[in-house]
file model13.csv (CSV, C-alpha atoms)
chain,number,residue,atom,x,y,z
A,1,MET,CA,-117.2,-157.3,152.4
A,2,THR,CA,-120.5,-158.0,150.7
A,3,ILE,CA,-122.5,-157.0,147.6
A,4,GLY,CA,-126.2,-157.0,146.9
A,5,ALA,CA,-127.9,-160.1,145.5
A,6,ARG,CA,-128.6,-158.5,142.1
A,7,SER,CA,-125.0,-157.4,141.8
A,8,ALA,CA,-123.8,-160.8,142.8
A,9,ASP,CA,-126.0,-162.4,140.0
A,10,GLU,CA,-124.6,-160.0,137.4
A,11,LEU,CA,-121.0,-160.7,138.6
A,12,GLU,CA,-121.6,-164.4,138.3
A,13,LYS,CA,-122.8,-164.1,134.7
A,14,LEU,CA,-119.8,-161.9,133.8
A,15,LEU,CA,-117.3,-164.4,135.3
A,16,LYS,CA,-118.6,-167.1,133.0
A,17,LYS,CA,-117.7,-165.0,130.0
A,18,GLN,CA,-114.6,-163.1,130.9
A,19,LYS,CA,-112.0,-162.2,133.5
A,20,VAL,CA,-113.2,-159.5,136.0
A,21,THR,CA,-111.0,-157.1,138.0
A,22,ALA,CA,-112.2,-154.8,140.7
A,23,LYS,CA,-110.8,-151.9,142.6
A,24,ILE,CA,-111.9,-151.5,146.2
A,25,ASN,CA,-111.6,-148.3,148.2
A,26,MET,CA,-112.1,-148.9,151.9
A,27,THR,CA,-112.4,-146.4,154.7
A,28,ALA,CA,-112.9,-148.8,157.5
A,29,GLU,CA,-110.4,-148.7,160.4
A,30,SER,CA,-109.9,-150.4,163.7
A,31,LYS,CA,-110.1,-148.1,166.8
A,32,GLY,CA,-109.3,-150.7,169.4
A,33,GLU,CA,-111.4,-153.0,171.5
A,34,THR,CA,-113.8,-152.3,174.4
A,35,THR,CA,-116.0,-154.4,176.6
A,36,ASN,CA,-119.6,-155.0,175.5
A,37,PRO,CA,-121.3,-157.7,177.6
A,38,ASN,CA,-123.9,-160.2,176.7
A,39,ILE,CA,-127.3,-159.6,178.2
A,40,ILE,CA,-128.9,-162.6,180.0
A,41,ALA,CA,-132.3,-163.1,181.5
A,42,GLU,CA,-134.0,-166.3,182.7
A,43,ILE,CA,-136.9,-168.0,184.4
A,44,PRO,CA,-135.6,-170.6,186.8
A,45,GLY,CA,-136.9,-174.2,186.4
A,46,LYS,CA,-139.3,-175.6,188.9
A,47,LYS,CA,-138.0,-179.2,188.5
A,48,ASP,CA,-134.3,-178.8,187.9
A,49,SER,CA,-131.5,-176.5,186.8
A,50,LYS,CA,-131.1,-177.8,183.2
A,51,VAL,CA,-131.2,-175.0,180.7
A,52,ILE,CA,-133.1,-174.3,177.6
A,53,VAL,CA,-131.5,-171.3,175.9
A,54,LEU,CA,-132.8,-168.8,173.3
A,55,GLY,CA,-130.3,-166.6,171.4
A,56,ALA,CA,-130.3,-163.5,169.3
A,57,GLN,CA,-127.7,-160.8,168.6
A,58,LEU,CA,-127.5,-157.3,169.9
A,59,ASP,CA,-125.2,-155.6,167.4
A,60,SER,CA,-126.0,-154.6,163.8
A,61,TRP,CA,-124.2,-154.0,160.5
A,62,ASP,CA,-122.3,-150.7,160.7
A,63,PHE,CA,-124.6,-148.4,158.7
A,64,GLY,CA,-128.0,-150.0,159.5
A,65,GLU,CA,-130.3,-149.8,162.4
A,66,GLY,CA,-130.4,-153.5,162.7
A,67,ALA,CA,-134.1,-153.7,163.1
A,68,ILE,CA,-134.4,-156.9,161.1
A,69,ASP,CA,-130.9,-158.1,161.7
A,70,ASP,CA,-131.4,-158.8,164.6
A,71,GLY,CA,-133.7,-156.5,166.5
A,72,THR,CA,-136.6,-158.8,165.6
A,73,GLY,CA,-134.8,-161.8,167.0
A,74,VAL,CA,-134.1,-159.9,170.3
A,75,VAL,CA,-137.8,-159.0,170.6
A,76,GLN,CA,-138.9,-162.6,169.9
A,77,CYS,CA,-136.6,-164.0,172.5
A,78,ILE,CA,-137.9,-161.6,175.1
A,79,GLU,CA,-141.5,-162.2,174.0
A,80,VAL,CA,-141.0,-166.0,174.8
A,81,LEU,CA,-140.1,-165.2,178.4
A,82,ARG,CA,-142.9,-162.6,178.7
A,83,THR,CA,-145.5,-165.1,177.3
A,84,ILE,CA,-144.5,-167.8,179.7
A,85,LYS,CA,-144.8,-165.4,182.6
A,86,ALA,CA,-148.1,-164.0,181.4
A,87,LEU,CA,-149.7,-167.4,181.0
A,88,GLY,CA,-148.5,-168.6,184.4
A,89,ILE,CA,-146.7,-171.6,182.9
A,90,GLU,CA,-144.5,-173.4,185.4
A,91,ASN,CA,-141.5,-174.5,183.4
A,92,ASN,CA,-139.7,-177.6,184.4
A,93,HIS,CA,-136.3,-176.4,183.3
A,94,THR,CA,-134.6,-173.0,183.4
A,95,ILE,CA,-135.5,-171.0,180.3
A,96,ARG,CA,-132.8,-168.5,179.5
A,97,VAL,CA,-132.4,-165.7,176.9
A,98,VAL,CA,-128.9,-164.7,175.8
A,99,LEU,CA,-128.6,-161.6,173.7
A,100,TYR,CA,-125.1,-161.9,172.2
A,101,ALA,CA,-122.7,-159.0,171.8
A,102,ASN,CA,-120.2,-158.7,169.0
A,103,SER,CA,-121.9,-161.1,166.6
A,104,GLU,CA,-121.2,-159.1,163.4
A,105,ASN,CA,-117.6,-158.4,164.1
A,106,GLY,CA,-115.8,-161.4,165.5
A,107,GLY,CA,-118.4,-163.4,167.5
A,108,GLN,CA,-116.7,-163.1,170.9
A,109,GLY,CA,-120.1,-162.9,172.6
A,110,ARG,CA,-121.2,-166.4,171.5
A,111,GLU,CA,-117.7,-167.9,172.1
A,112,MET,CA,-117.6,-166.5,175.6
A,113,TYR,CA,-121.0,-167.9,176.4
A,114,ALA,CA,-120.1,-171.3,175.2
A,115,ALA,CA,-116.9,-171.1,177.3
A,116,TYR,CA,-118.9,-170.1,180.3
A,117,VAL,CA,-121.2,-173.1,179.9
A,118,LYS,CA,-118.3,-175.4,179.6
A,119,LYS,CA,-116.5,-173.9,182.6
A,120,LYS,CA,-119.6,-174.1,184.8
A,121,ASP,CA,-120.5,-177.5,183.5
A,122,GLU,CA,-124.1,-176.3,183.0
A,123,LYS,CA,-126.4,-178.9,181.6
A,124,HIS,CA,-128.1,-177.4,178.5
A,125,ILE,CA,-130.7,-179.6,176.8
A,126,PHE,CA,-131.7,-177.4,173.9
A,127,ALA,CA,-130.7,-174.1,172.2
A,128,LEU,CA,-132.9,-172.1,169.8
A,129,GLY,CA,-131.7,-169.2,167.7
A,130,THR,CA,-133.5,-166.5,165.7
A,131,ASP,CA,-131.5,-164.4,163.2
A,132,ALA,CA,-133.4,-164.5,159.9
A,133,GLY,CA,-135.6,-161.5,160.3
A,134,GLY,CA,-139.0,-161.1,161.8
A,135,TYR,CA,-140.9,-162.6,158.8
A,136,SER,CA,-143.6,-165.2,158.8
A,137,PRO,CA,-142.4,-168.4,160.5
A,138,ARG,CA,-142.2,-171.5,158.3
A,139,GLY,CA,-140.5,-174.1,160.5
A,140,PHE,CA,-137.4,-175.0,162.4
A,141,SER,CA,-133.9,-176.1,161.3
A,142,LEU,CA,-132.8,-179.0,163.5
A,143,ASP,CA,-129.1,-179.5,164.1
A,144,MET,CA,-129.2,-182.5,166.4
A,145,SER,CA,-129.1,-186.3,166.6
A,146,PRO,CA,-131.5,-188.3,164.5
A,147,GLN,CA,-133.2,-189.5,167.7
A,148,ARG,CA,-134.0,-185.9,168.8
A,149,ARG,CA,-135.1,-184.9,165.3
A,150,ARG,CA,-137.6,-187.8,165.3
A,151,GLN,CA,-139.0,-186.6,168.6
A,152,ILE,CA,-139.6,-183.1,167.2
A,153,PHE,CA,-141.0,-184.5,163.9
A,154,GLU,CA,-143.7,-186.2,166.1
A,155,TRP,CA,-144.9,-182.7,167.1
A,156,LYS,CA,-145.3,-181.4,163.6
A,157,ASN,CA,-149.1,-181.6,163.5
A,158,TYR,CA,-149.2,-179.2,166.5
A,159,PHE,CA,-147.5,-176.5,164.3
A,160,LEU,CA,-149.2,-177.1,161.0
A,161,PRO,CA,-152.3,-175.0,161.8
A,162,TYR,CA,-150.1,-172.0,162.0
A,163,GLY,CA,-148.4,-172.5,158.7
A,164,VAL,CA,-145.2,-173.9,160.3
A,165,TYR,CA,-144.3,-177.0,158.4
A,166,ASP,CA,-140.6,-177.1,157.5
A,167,PHE,CA,-138.6,-179.3,159.8
A,168,ASP,CA,-136.2,-180.7,157.2
A,169,GLN,CA,-133.3,-178.2,157.4
A,170,THR,CA,-130.3,-179.1,159.5
A,171,GLU,CA,-128.2,-176.0,160.0
A,172,ALA,CA,-128.3,-173.7,163.1
A,173,ILE,CA,-127.3,-170.0,163.1
A,174,GLN,CA,-123.9,-168.7,164.1
A,175,ASP,CA,-124.9,-167.3,167.5
A,176,ILE,CA,-125.7,-170.6,169.0
A,177,SER,CA,-123.4,-172.7,166.9
A,178,PRO,CA,-120.5,-172.8,169.4
A,179,LEU,CA,-122.8,-174.8,171.7
A,180,LYS,CA,-122.7,-177.7,169.2
A,181,LYS,CA,-119.2,-178.5,170.4
A,182,LEU,CA,-120.8,-179.3,173.8
A,183,ASP,CA,-123.2,-181.7,172.2
A,184,ILE,CA,-126.2,-179.5,172.8
A,185,PRO,CA,-129.1,-180.0,170.4
A,186,LEU,CA,-129.6,-176.8,168.2
A,187,ALA,CA,-132.5,-175.3,166.3
A,188,GLU,CA,-133.1,-172.2,164.3
A,189,LEU,CA,-136.4,-170.5,163.5
A,190,VAL,CA,-137.0,-170.7,159.7
A,191,VAL,CA,-138.9,-167.9,158.2
A,192,ASP,CA,-140.2,-166.8,154.8
A,193,THR,CA,-137.1,-164.9,153.5
A,194,GLN,CA,-138.7,-163.4,150.3
A,195,ARG,CA,-137.8,-159.9,151.5
A,196,TYR,CA,-134.8,-160.6,153.6
A,197,PHE,CA,-132.1,-159.5,151.1
A,198,ASP,CA,-134.0,-156.3,150.2
A,199,TYR,CA,-132.7,-155.0,153.5
A,200,HIS,CA,-130.0,-157.3,154.9
A,201,HIS,CA,-126.7,-155.5,155.9
A,202,SER,CA,-127.9,-152.2,154.3
A,203,VAL,CA,-129.1,-148.8,155.2
A,204,GLU,CA,-132.6,-150.0,154.5
A,205,ASP,CA,-132.6,-152.3,157.6
A,206,THR,CA,-134.8,-149.9,159.6
A,207,PHE,CA,-137.7,-150.2,162.1
A,208,ASP,CA,-140.4,-149.3,159.6
A,209,LYS,CA,-139.6,-152.6,157.6
A,210,VAL,CA,-140.7,-154.7,160.6
A,211,ASN,CA,-144.2,-156.2,160.4
A,212,LYS,CA,-145.5,-156.6,163.9
A,213,ARG,CA,-147.8,-159.4,163.1
A,214,GLU,CA,-145.2,-161.5,161.4
A,215,LEU,CA,-142.7,-160.8,164.2
A,216,LEU,CA,-145.2,-162.0,166.8
A,217,LEU,CA,-146.2,-165.1,164.8
A,218,GLY,CA,-142.5,-166.1,165.0
A,219,ALA,CA,-142.5,-165.5,168.7
A,220,VAL,CA,-145.6,-167.7,169.0
A,221,ALA,CA,-143.9,-170.6,167.1
A,222,MET,CA,-140.8,-170.2,169.3
A,223,THR,CA,-142.8,-170.3,172.5
A,224,GLN,CA,-144.7,-173.4,171.4
A,225,MET,CA,-141.4,-175.1,170.6
A,226,ILE,CA,-139.9,-174.1,173.9
A,227,PHE,CA,-143.0,-175.3,175.8
A,228,MET,CA,-142.8,-178.7,174.0
A,229,ILE,CA,-139.2,-179.2,174.8
A,230,ASP,CA,-139.6,-178.2,178.4
A,231,LYS,CA,-142.5,-180.6,179.0
A,232,ASN,CA,-141.0,-183.6,177.1
A,233,TRP,CA,-137.2,-183.5,177.3

call {"tool": "encode", "arguments": {"input": "model13.csv", "output": "structure tokens"}}
result
Amino acid sequence: MTIGARSADELEKLLKKQKVTAKINMTAESKGETTNPNIIAEIPGKKDSKVIVLGAQLDSWDFGEGAIDDGTGVVQCIEVLRTIKALGIENNHTIRVVLYANSENGGQGREMYAAYVKKKDEKHIFALGTDAGGYSPRGFSLDMSPQRRRQIFEWKNYFLPYGVYDFDQTEAIQDISPLKKLDIPLAELVVDTQRYFDYHHSVEDTFDKVNKRELLLGAVAMTQMIFMIDKNW
């Protein structure tokens, strides 16, 4: 269950003054399980079979279109592959997009992918997720060893001309987080979230809220990061 940001602020103020009780009427029900697979696409590496993976989620909150959460992320991941193909870049490592099923209701898609990687003993060198909405990119959150972080910090000046400057955060999103147990360096696209909670998990999360230019700027930043990882790791 979730409430809006404004309601949460008001509730916090009330709790400082008095005891608060709430009555919740729920109509949700479970209708059983079904199979809903992840969708995977990749460009094989020219040098080796090591994998760089990009991740976003397919499903959305029940009553929203999911355009921002996470349709924008899905498009950005696909756009990275399209750009690499369009520019004729010969990637050293396999660049793979995984669009995860069942992210909002249990997370089986991400858990199954991590289990698959472990079972197949696939060598993944980097995982990048995008699940914060298609807003203007501001940086990357780096959940990895200090040595790997320092390597990416050295590339910061290549991103600054595009307003991408924040490399200080250290938490990756839920959809790639199970890969951390396999010692895979993780990163998340950090965006300007000024408008995120105007629409997040609500009926307002619709296609008309997506700004195409902002969405593509995020895809550009992701493509640049993937290119740098592919050529240097």

call {"tool": "closest_atom_pairs", "arguments": {"input": "model13.csv", "of": "range 140-194 of chain A", "to": "range 219-225 of chain A", "cutoff": "10 Å", "atoms": "all atoms listed in the file", "output": "CSV"}}
result
residue,atom,partner,partner_atom,distance
A:Phe140,CA,A:Met222,CA,9.1
A:Ile152,CA,A:Met225,CA,8.9
A:Trp155,CA,A:Met225,CA,9.1
A:Tyr158,CA,A:Gln224,CA,8.8
A:Phe159,CA,A:Ala221,CA,7.5
A:Tyr162,CA,A:Ala221,CA,8.1
A:Gly163,CA,A:Ala221,CA,9.7
A:Val164,CA,A:Ala221,CA,7.7
A:Ala187,CA,A:Met225,CA,9.9
A:Glu188,CA,A:Met222,CA,9.4
A:Leu189,CA,A:Met222,CA,7.3

call {"tool": "residues_around", "arguments": {"input": "model13.csv", "residues": "range 91-97 of chain A", "least_positions_apart": "2", "cutoff": "7 Å", "atoms": "only C-alpha atoms", "output": "VMD selection string"}}
result
chain A and resid 40 to 55 77 89 99 230 to 231

call {"tool": "atom_distance", "arguments": {"input": "model13.csv", "atom1": "CA of Gly109 in chain A", "atom2": "CA of Glu122 in chain A"}}
result
17.4 Å

call {"tool": "atom_distance", "arguments": {"input": "model13.csv", "atom1": "CA of Glu171 in chain A", "atom2": "CA of Asn232 in chain A"}}
result
22.7 Å

call {"tool": "residues_around", "arguments": {"input": "model13.csv", "residues": "His201 in chain A", "least_positions_apart": "3", "cutoff": "7 Å", "atoms": "all atoms listed in the file", "output": "ChimeraX atom specification"}}
result
/A:61,64,205

call {"tool": "atom_distance", "arguments": {"input": "model13.csv", "atom1": "CA of Phe167 in chain A", "atom2": "CA of Leu142 in chain A"}}
result
6.9 Å

call {"tool": "closest_residue", "arguments": {"input": "model13.csv", "among": "A:Gly106, A:Ile173, A:Lys156, A:Met112", "to": "Leu128 in chain A", "atoms": "only C-alpha atoms"}}
result
A:Ile173

call {"tool": "decode", "arguments": {"input": "model13.csv", "residues": "range 17-42 of chain A", "atoms": "N, CA and C atoms", "output": "CSV table (one decimal), in the first residue's frame"}}
result
chain,number,residue,atom,x,y,z
A,17,LYS,N,2.0,14.9,16.9
A,17,LYS,CA,1.1,15.6,17.9
A,17,LYS,C,0.2,14.6,18.5
A,18,GLN,N,-0.2,13.5,17.9
A,18,GLN,CA,-1.3,12.7,18.4
A,18,GLN,C,-1.2,11.3,17.8
A,19,LYS,N,-2.0,10.4,18.4
A,19,LYS,CA,-2.1,9.1,17.9
A,19,LYS,C,-3.1,9.1,16.7
A,20,VAL,N,-2.7,8.4,15.7
A,20,VAL,CA,-3.6,8.3,14.4
A,20,VAL,C,-4.0,6.9,14.2
A,21,THR,N,-5.3,6.7,13.9
A,21,THR,CA,-5.8,5.4,13.5
A,21,THR,C,-6.4,5.5,12.1
A,22,ALA,N,-6.4,4.4,11.4
A,22,ALA,CA,-6.9,4.4,10.0
A,22,ALA,C,-7.7,3.2,9.7
A,23,LYS,N,-8.7,3.3,8.9
A,23,LYS,CA,-9.5,2.2,8.5
A,23,LYS,C,-9.2,2.0,7.0
A,24,ILE,N,-8.8,0.9,6.6
A,24,ILE,CA,-8.5,0.6,5.2
A,24,ILE,C,-9.4,-0.4,4.6
A,25,ASN,N,-10.1,0.0,3.5
A,25,ASN,CA,-11.0,-0.9,2.8
A,25,ASN,C,-10.2,-1.4,1.5
A,26,MET,N,-10.0,-2.7,1.4
A,26,MET,CA,-9.2,-3.2,0.2
A,26,MET,C,-10.1,-4.1,-0.6
A,27,THR,N,-10.0,-3.9,-1.9
A,27,THR,CA,-10.7,-4.8,-2.8
A,27,THR,C,-9.8,-5.7,-3.6
A,28,ALA,N,-8.5,-5.6,-3.4
A,28,ALA,CA,-7.6,-6.5,-4.1
A,28,ALA,C,-7.8,-7.9,-3.8
A,29,GLU,N,-7.5,-8.8,-4.7
A,29,GLU,CA,-7.6,-10.2,-4.5
A,29,GLU,C,-6.6,-10.9,-5.4
A,30,SER,N,-6.2,-12.1,-5.0
A,30,SER,CA,-5.3,-12.9,-5.8
A,30,SER,C,-6.1,-13.9,-6.7
A,31,LYS,N,-5.8,-13.9,-8.0
A,31,LYS,CA,-6.5,-14.8,-8.9
A,31,LYS,C,-5.6,-15.9,-9.4
A,32,GLY,N,-4.5,-16.2,-8.7
A,32,GLY,CA,-3.6,-17.3,-9.1
A,32,GLY,C,-2.4,-16.7,-9.9
A,33,GLU,N,-1.6,-17.6,-10.3
A,33,GLU,CA,-0.4,-17.3,-11.0
A,33,GLU,C,-0.4,-17.7,-12.4
A,34,THR,N,0.4,-17.0,-13.2
A,34,THR,CA,0.5,-17.4,-14.6
A,34,THR,C,1.9,-17.2,-15.1
A,35,THR,N,2.3,-17.6,-16.2
A,35,THR,CA,3.7,-17.4,-16.7
A,35,THR,C,3.8,-16.2,-17.5
A,36,ASN,N,4.7,-15.3,-17.2
A,36,ASN,CA,4.9,-14.1,-18.0
A,36,ASN,C,6.5,-13.9,-18.1
A,37,PRO,N,7.0,-14.3,-19.2
A,37,PRO,CA,8.5,-14.4,-19.4
A,37,PRO,C,9.2,-13.0,-19.4
A,38,ASN,N,10.5,-13.0,-19.1
A,38,ASN,CA,11.3,-11.8,-19.4
A,38,ASN,C,11.5,-11.8,-20.9
A,39,ILE,N,11.8,-10.6,-21.4
A,39,ILE,CA,12.2,-10.4,-22.8
A,39,ILE,C,13.6,-10.0,-22.9
A,40,ILE,N,14.4,-10.8,-23.7
A,40,ILE,CA,15.8,-10.6,-23.7
A,40,ILE,C,16.3,-10.4,-25.2
A,41,ALA,N,17.1,-9.4,-25.4
A,41,ALA,CA,17.7,-9.2,-26.7
A,41,ALA,C,19.2,-8.8,-26.5
A,42,GLU,N,20.1,-9.1,-27.5
A,42,GLU,CA,21.5,-8.8,-27.3
A,42,GLU,C,22.2,-8.6,-28.6
